[in-house]
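Novice: Quick one, structure.cif (mmCIF, C-alpha atoms, pLDDT in the B column; chains and numbers go by the auth columns):
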```
data_final
loop_
_atom_site.group_PDB
_atom_site.id
_atom_site.type_symbol
_atom_site.label_atom_id
_atom_site.label_comp_id
_atom_site.label_asym_id
_atom_site.label_seq_id
_atom_site.Cartn_x
_atom_site.Cartn_y
_atom_site.Cartn_z
_atom_site.B_iso_or_equiv
_atom_site.auth_seq_id
_atom_site.auth_asym_id
ATOM 1 C CA GLN A 1 0.000 0.000 0.000 89.00 1 F
ATOM 2 C CA VAL A 2 1.563 3.251 -1.145 95.00 2 F
ATOM 3 C CA GLN A 3 0.915 6.441 0.783 97.00 3 F
ATOM 4 C CA LEU A 4 1.243 9.762 -0.993 98.00 4 F
ATOM 5 C CA VAL A 5 1.411 13.027 0.919 98.00 5 F
ATOM 6 C CA GLU A 6 1.333 16.380 -0.850 97.00 6 F
ATOM 7 C CA SER A 7 2.674 19.632 0.539 97.00 7 F
ATOM 8 C CA GLY A 8 3.438 23.144 -0.603 97.00 8 F
ATOM 9 C CA GLY A 9 0.033 24.524 -1.406 97.00 9 F
ATOM 10 C CA GLY A 10 -1.085 27.948 -0.311 97.00 10 F
ATOM 11 C CA LEU A 11 -2.451 31.344 -1.245 98.00 11 F
ATOM 12 C CA VAL A 12 -0.496 33.431 -3.744 98.00 12 F
ATOM 13 C CA GLN A 13 -1.139 36.346 -6.066 98.00 13 F
ATOM 14 C CA ALA A 14 -1.357 36.034 -9.804 98.00 14 F
ATOM 15 C CA GLY A 15 2.076 35.874 -11.382 98.00 15 F
ATOM 16 C CA GLU A 16 3.735 34.299 -8.366 98.00 16 F
ATOM 17 C CA SER A 17 5.122 30.786 -8.001 98.00 17 F
ATOM 18 C CA LEU A 18 4.576 27.728 -5.841 98.00 18 F
ATOM 19 C CA ARG A 19 6.321 24.396 -5.613 98.00 19 F
ATOM 20 C CA LEU A 20 4.289 21.347 -4.696 98.00 20 F
ATOM 21 C CA SER A 21 5.917 18.205 -3.384 98.00 21 F
ATOM 22 C CA CYS A 22 4.619 14.685 -3.000 98.00 22 F
ATOM 23 C CA ALA A 23 6.331 12.153 -0.751 98.00 23 F
ATOM 24 C CA ALA A 24 5.692 8.458 -1.307 97.00 24 F
ATOM 25 C CA SER A 25 6.085 5.695 1.230 95.00 25 F
ATOM 26 C CA GLY A 26 5.051 2.134 1.864 93.00 26 F
ATOM 27 C CA GLY A 27 5.686 0.638 -1.550 88.00 27 F
ATOM 28 C CA ALA A 28 7.412 0.779 -4.902 90.00 28 F
ATOM 29 C CA PHE A 29 8.010 4.237 -6.322 92.00 29 F
ATOM 30 C CA SER A 30 10.781 4.315 -8.895 91.00 30 F
ATOM 31 C CA GLY A 31 9.164 1.872 -11.313 92.00 31 F
ATOM 32 C CA HIS A 32 5.929 3.790 -11.728 96.00 32 F
ATOM 33 C CA ALA A 33 4.844 6.804 -13.709 98.00 33 F
ATOM 34 C CA MET A 34 3.558 9.637 -11.545 98.00 34 F
ATOM 35 C CA GLY A 35 1.079 12.382 -12.184 98.00 35 F
ATOM 36 C CA TRP A 36 -0.341 15.596 -10.804 98.00 36 F
ATOM 37 C CA PHE A 37 -4.051 16.307 -11.115 98.00 37 F
ATOM 38 C CA ARG A 38 -6.220 19.183 -9.996 98.00 38 F
ATOM 39 C CA GLN A 39 -9.858 19.721 -9.253 98.00 39 F
ATOM 40 C CA ALA A 40 -11.516 23.102 -9.043 96.00 40 F
ATOM 41 C CA PRO A 41 -14.910 23.595 -7.383 92.00 41 F
ATOM 42 C CA GLY A 42 -17.698 22.348 -9.604 94.00 42 F
ATOM 43 C CA LYS A 43 -15.297 20.903 -12.151 96.00 43 F
ATOM 44 C CA GLU A 44 -13.994 17.450 -12.945 96.00 44 F
ATOM 45 C CA ARG A 45 -10.550 16.342 -11.897 97.00 45 F
ATOM 46 C CA GLU A 46 -8.065 16.995 -14.683 97.00 46 F
ATOM 47 C CA SER A 47 -4.556 15.869 -15.450 97.00 47 F
ATOM 48 C CA VAL A 48 -1.990 18.629 -15.106 98.00 48 F
ATOM 49 C CA ALA A 49 1.330 16.859 -15.644 98.00 49 F
ATOM 50 C CA ARG A 50 2.836 13.405 -15.598 98.00 50 F
ATOM 51 C CA ILE A 51 6.317 11.949 -15.635 98.00 51 F
ATOM 52 C CA SER A 52 7.806 8.631 -16.634 97.00 52 F
ATOM 53 C CA TRP A 53 9.304 6.245 -14.104 96.00 53 F
ATOM 54 C CA ASN A 54 12.838 7.428 -14.908 96.00 54 F
ATOM 55 C CA GLY A 55 11.999 11.104 -15.284 96.00 55 F
ATOM 56 C CA TYR A 56 13.029 11.203 -18.927 97.00 56 F
ATOM 57 C CA SER A 57 9.564 11.893 -20.334 98.00 57 F
ATOM 58 C CA THR A 58 7.119 14.534 -19.191 98.00 58 F
ATOM 59 C CA TYR A 59 3.674 15.554 -20.407 98.00 59 F
ATOM 60 C CA TYR A 60 1.590 18.627 -19.649 98.00 60 F
ATOM 61 C CA ALA A 61 -1.911 19.914 -20.104 98.00 61 F
ATOM 62 C CA ASP A 62 -2.024 22.689 -22.661 98.00 62 F
ATOM 63 C CA SER A 63 -3.257 25.086 -19.988 97.00 63 F
ATOM 64 C CA VAL A 64 -0.035 24.776 -17.971 98.00 64 F
ATOM 65 C CA LYS A 65 2.551 24.087 -20.653 98.00 65 F
ATOM 66 C CA GLY A 66 5.479 26.460 -20.337 98.00 66 F
ATOM 67 C CA ARG A 67 4.518 27.469 -16.792 98.00 67 F
ATOM 68 C CA PHE A 68 4.595 24.198 -14.811 98.00 68 F
ATOM 69 C CA THR A 69 7.427 21.694 -14.519 98.00 69 F
ATOM 70 C CA ILE A 70 7.126 18.186 -13.105 98.00 70 F
ATOM 71 C CA SER A 71 10.174 16.393 -11.751 98.00 71 F
ATOM 72 C CA ARG A 72 10.984 13.418 -9.560 98.00 72 F
ATOM 73 C CA ASP A 73 13.742 12.163 -7.308 97.00 73 F
ATOM 74 C CA ASN A 74 13.658 8.393 -7.140 96.00 74 F
ATOM 75 C CA ALA A 75 16.329 8.351 -4.435 96.00 75 F
ATOM 76 C CA LYS A 76 14.028 10.364 -2.170 96.00 76 F
ATOM 77 C CA ASN A 77 10.714 8.925 -3.392 97.00 77 F
ATOM 78 C CA THR A 78 9.385 12.348 -4.236 97.00 78 F
ATOM 79 C CA VAL A 79 7.698 14.035 -7.165 98.00 79 F
ATOM 80 C CA SER A 80 7.394 17.800 -7.469 98.00 80 F
ATOM 81 C CA LEU A 81 5.453 20.343 -9.451 98.00 81 F
ATOM 82 C CA GLN A 82 7.011 23.756 -9.942 98.00 82 F
ATOM 83 C CA MET A 83 4.281 26.230 -10.829 98.00 83 F
ATOM 84 C CA ASN A 84 5.287 29.612 -12.212 98.00 84 F
ATOM 85 C CA SER A 85 3.262 32.541 -13.507 98.00 85 F
ATOM 86 C CA LEU A 86 0.224 31.335 -11.630 98.00 86 F
ATOM 87 C CA LYS A 87 -3.210 32.465 -12.753 98.00 87 F
ATOM 88 C CA PRO A 88 -6.518 32.631 -10.871 97.00 88 F
ATOM 89 C CA GLU A 89 -7.765 29.763 -13.043 97.00 89 F
ATOM 90 C CA ASP A 90 -5.052 27.549 -11.536 98.00 90 F
ATOM 91 C CA THR A 91 -6.955 27.650 -8.246 98.00 91 F
ATOM 92 C CA ALA A 92 -7.806 24.065 -7.294 98.00 92 F
ATOM 93 C CA VAL A 93 -6.980 21.181 -5.034 98.00 93 F
ATOM 94 C CA TYR A 94 -3.892 19.490 -6.432 98.00 94 F
ATOM 95 C CA TYR A 95 -3.360 15.750 -6.111 98.00 95 F
ATOM 96 C CA CYS A 96 -0.399 13.552 -6.858 98.00 96 F
ATOM 97 C CA ALA A 97 -1.003 10.012 -8.016 98.00 97 F
ATOM 98 C CA GLN A 98 0.942 6.869 -8.855 98.00 98 F
ATOM 99 C CA ALA A 99 0.138 5.056 -12.074 97.00 99 F
ATOM 100 C CA ARG A 100 -0.819 1.406 -12.102 96.00 100 F
ATOM 101 C CA PRO A 101 1.918 -1.110 -12.906 93.00 101 F
ATOM 102 C CA GLN A 102 2.898 -1.427 -16.574 91.00 102 F
ATOM 103 C CA ILE A 103 1.187 1.837 -17.518 95.00 103 F
ATOM 104 C CA SER A 104 3.592 4.329 -18.995 95.00 104 F
ATOM 105 C CA ALA A 105 3.398 8.058 -18.520 95.00 105 F
ATOM 106 C CA ALA A 106 2.421 8.335 -22.172 94.00 106 F
ATOM 107 C CA GLN A 107 -0.552 6.064 -21.515 94.00 107 F
ATOM 108 C CA ALA A 108 -1.540 7.491 -18.124 96.00 108 F
ATOM 109 C CA THR A 109 -3.768 10.270 -19.388 95.00 109 F
ATOM 110 C CA GLY A 110 -6.814 9.764 -17.170 95.00 110 F
ATOM 111 C CA SER A 111 -7.688 9.121 -13.547 95.00 111 F
ATOM 112 C CA SER A 112 -8.365 5.412 -14.106 96.00 112 F
ATOM 113 C CA ALA A 113 -4.693 4.845 -14.943 97.00 113 F
ATOM 114 C CA TYR A 114 -3.709 5.659 -11.375 97.00 114 F
ATOM 115 C CA LYS A 115 -3.940 3.367 -8.396 96.00 115 F
ATOM 116 C CA TYR A 116 -2.800 5.510 -5.465 97.00 116 F
ATOM 117 C CA TRP A 117 -3.745 9.085 -4.669 98.00 117 F
ATOM 118 C CA GLY A 118 -2.741 11.651 -2.125 98.00 118 F
ATOM 119 C CA GLN A 119 -5.210 13.659 -0.071 97.00 119 F
ATOM 120 C CA GLY A 120 -4.572 16.836 -2.013 97.00 120 F
ATOM 121 C CA THR A 121 -3.253 20.299 -1.271 98.00 121 F
ATOM 122 C CA GLN A 122 -5.127 23.545 -1.879 98.00 122 F
ATOM 123 C CA VAL A 123 -3.704 26.127 -4.243 98.00 123 F
ATOM 124 C CA THR A 124 -5.453 29.485 -4.373 98.00 124 F
ATOM 125 C CA VAL A 125 -4.369 32.217 -6.757 98.00 125 F
ATOM 126 C CA SER A 126 -5.835 35.661 -6.204 97.00 126 F
ATOM 127 C CA SER A 127 -6.120 38.245 -8.956 93.00 127 F
#
```
Is it possible to express this structure as structure tokens?

Specialist:
Amino acid sequence: QVQLVESGGGLVQAGESLRLSCAASGGAFSGHAMGWFRQAPGKERESVARISWNGYSTYYADSVKGRFTISRDNAKNTVSLQMNSLKPEDTAVYYCAQARPQISAAQATGSSAYKYWGQGTQVTVSS
């Protein structure tokens, strides 16, 4: 059973930056693709970014491309999301998730591809 714990959320003004971190424990980490999702009030959960097991491949939603960067440290069992130039529309609860075995980051486009989820961290961007 893998536990994922997010941290780093908060309240910032538009244009500022935040760095989210996700610490994994209790199971395998390095062999799995990882992803960050977000869910705003009244909206469906959406994929923001995902990263391959070795960190070599990354994928982003069009809405965050060029502003967000996903990275991972397999030695520390962590995955991070650097968020720059934040906009009010980035306001949401952000979740990290671990993909199911044998599913690559390229394949892990939707929620059903992920087996373990963190509890989420709130990001609020004021205008």

Novice: Name the closest residue to Asn77 (chain F) among the candidates F:Ala106, F:Met34, F:Leu11, F:Ala61; distances are taken between atoms, counting all atoms listed in the file.

Specialist: F:Met34

Novice: Return the single residue from F:Thr58, F:Ser52, F:Asn74, F:Ser126 that is closest to Ile103 (chain F), with distances computed using only C-alpha atoms.

Specialist: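 When distances to Ile103 (chain F) are compared using only C-alpha atoms, the smallest one comes from F:Ser52.
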
Novice: From the set F:Thr69, F:Ser30, F:Ser85, F:Ser57, which residue has the shortest atom-to-atom contact distance to Gln107 (chain F), counting all atoms listed in the file?

Specialist: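 Looking only at the distances to Gln107 (chain F), the closest residue turns out to be F:Ser57.
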
Novice: With all atoms listed in the file as the atoms that count, which of F:Leu18, F:Ala49, F:Val93, F:Ala33 lies nearest to Lys115 (chain F)?

Specialist: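 Result for the nearest residue to Lys115 (chain F): F:Ala33.
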
Novice: Which residue, F:Gln13, F:Thr78, F:Asn84, F:Thr109, has the smallest gap to Lys65 (chain F) when you use all atoms listed in the file?

Specialist: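 Going through F:Gln13, F:Thr78, F:Asn84, F:Thr109 one by one, the smallest distance to Lys65 (chain F) is for F:Asn84.
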
Novice: Determine the residue membership of the PyMOL selection byres ((chain F and resi 9) around 6) for the file above and supply it as a count of residues only.

Specialist: 6

Novice: Let me know the residues the PyMOL selection byres ((chain F and resi 68) around 8) catches in the file above, as a compact mmCIF listing (two decimals) with C-alpha atoms, in the coordinates of the input.

Specialist:
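Now in selection33.txt:
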```txt
# COMPACT_ATOMS: atom_id res chain seq x y z
CA TYR F 60 1.59 18.63 -19.65
CA VAL F 64 -0.04 24.78 -17.97
CA LYS F 65 2.55 24.09 -20.65
CA GLY F 66 5.48 26.46 -20.34
CA ARG F 67 4.52 27.47 -16.79
CA THR F 69 7.43 21.69 -14.52
CA ILE F 70 7.13 18.19 -13.10
CA LEU F 81 5.45 20.34 -9.45
CA GLN F 82 7.01 23.76 -9.94
CA MET F 83 4.28 26.23 -10.83
CA ASN F 84 5.29 29.61 -12.21
```

Novice: Could you give me the axis-aligned bounding box of region 102-114 of chain F, with 4 Å of padding per side, as centre plus edge lengths in Å to one decimal, as lines of an AutoDock Vina configuration file?

Specialist:
```
center_x = -2.4
center_y = 4.4
center_z = -16.8
size_x = 20.0
size_y = 19.7
size_z = 18.8
```

Novice: Would you kindly return, as a PyMOL selection string, each protein, DNA or RNA residue with an atom no farther than 10 Å from any atom of Val125 (chain F), considering all atoms listed in the file and excluding same-chain residues fewer than 2 positions away?

Specialist: chain F and resi 10-17+86-92+122-123+127

Novice: Report, in Å to a single decimal, how far apart CA of Lys76 (chain F) and CA of Gly110 (chain F) are.

Specialist: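 Interatomic distance, CA of Gly110 (chain F) to CA of Lys76 (chain F): 25.7 Å.
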
Novice: Which distance in Å separates CA of Ala23 (chain F) and CA of Pro41 (chain F), to one decimal?

Specialist: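 If I compute the distance from CA of Ala23 (chain F) to CA of Pro41 (chain F), I get 25.0 Å.
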
Novice: Considering only C-alpha atoms, return as a list in words whatever protein or nucleic-acid residues lie within 10 Å of Pro101 (chain F), sequence-local ones (same chain, fewer than 2 positions apart) excluded.

Specialist: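 Neighbouring residues, sequence-local ones excluded: Ala28, Gly31, His32, Ala33, Gln98, Ala99, Ile103, Ser104, Ala113, Tyr114 and Lys115 of chain F.
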
Novice: Would you please work out which residue, of F:Arg72, F:Lys43, F:Arg19, F:Arg100, is nearest to Tyr56 (chain F) when using all atoms listed in the file?

Specialist: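 Ranking F:Arg72, F:Lys43, F:Arg19, F:Arg100 by distance to Tyr56 (chain F), first place goes to F:Arg72.
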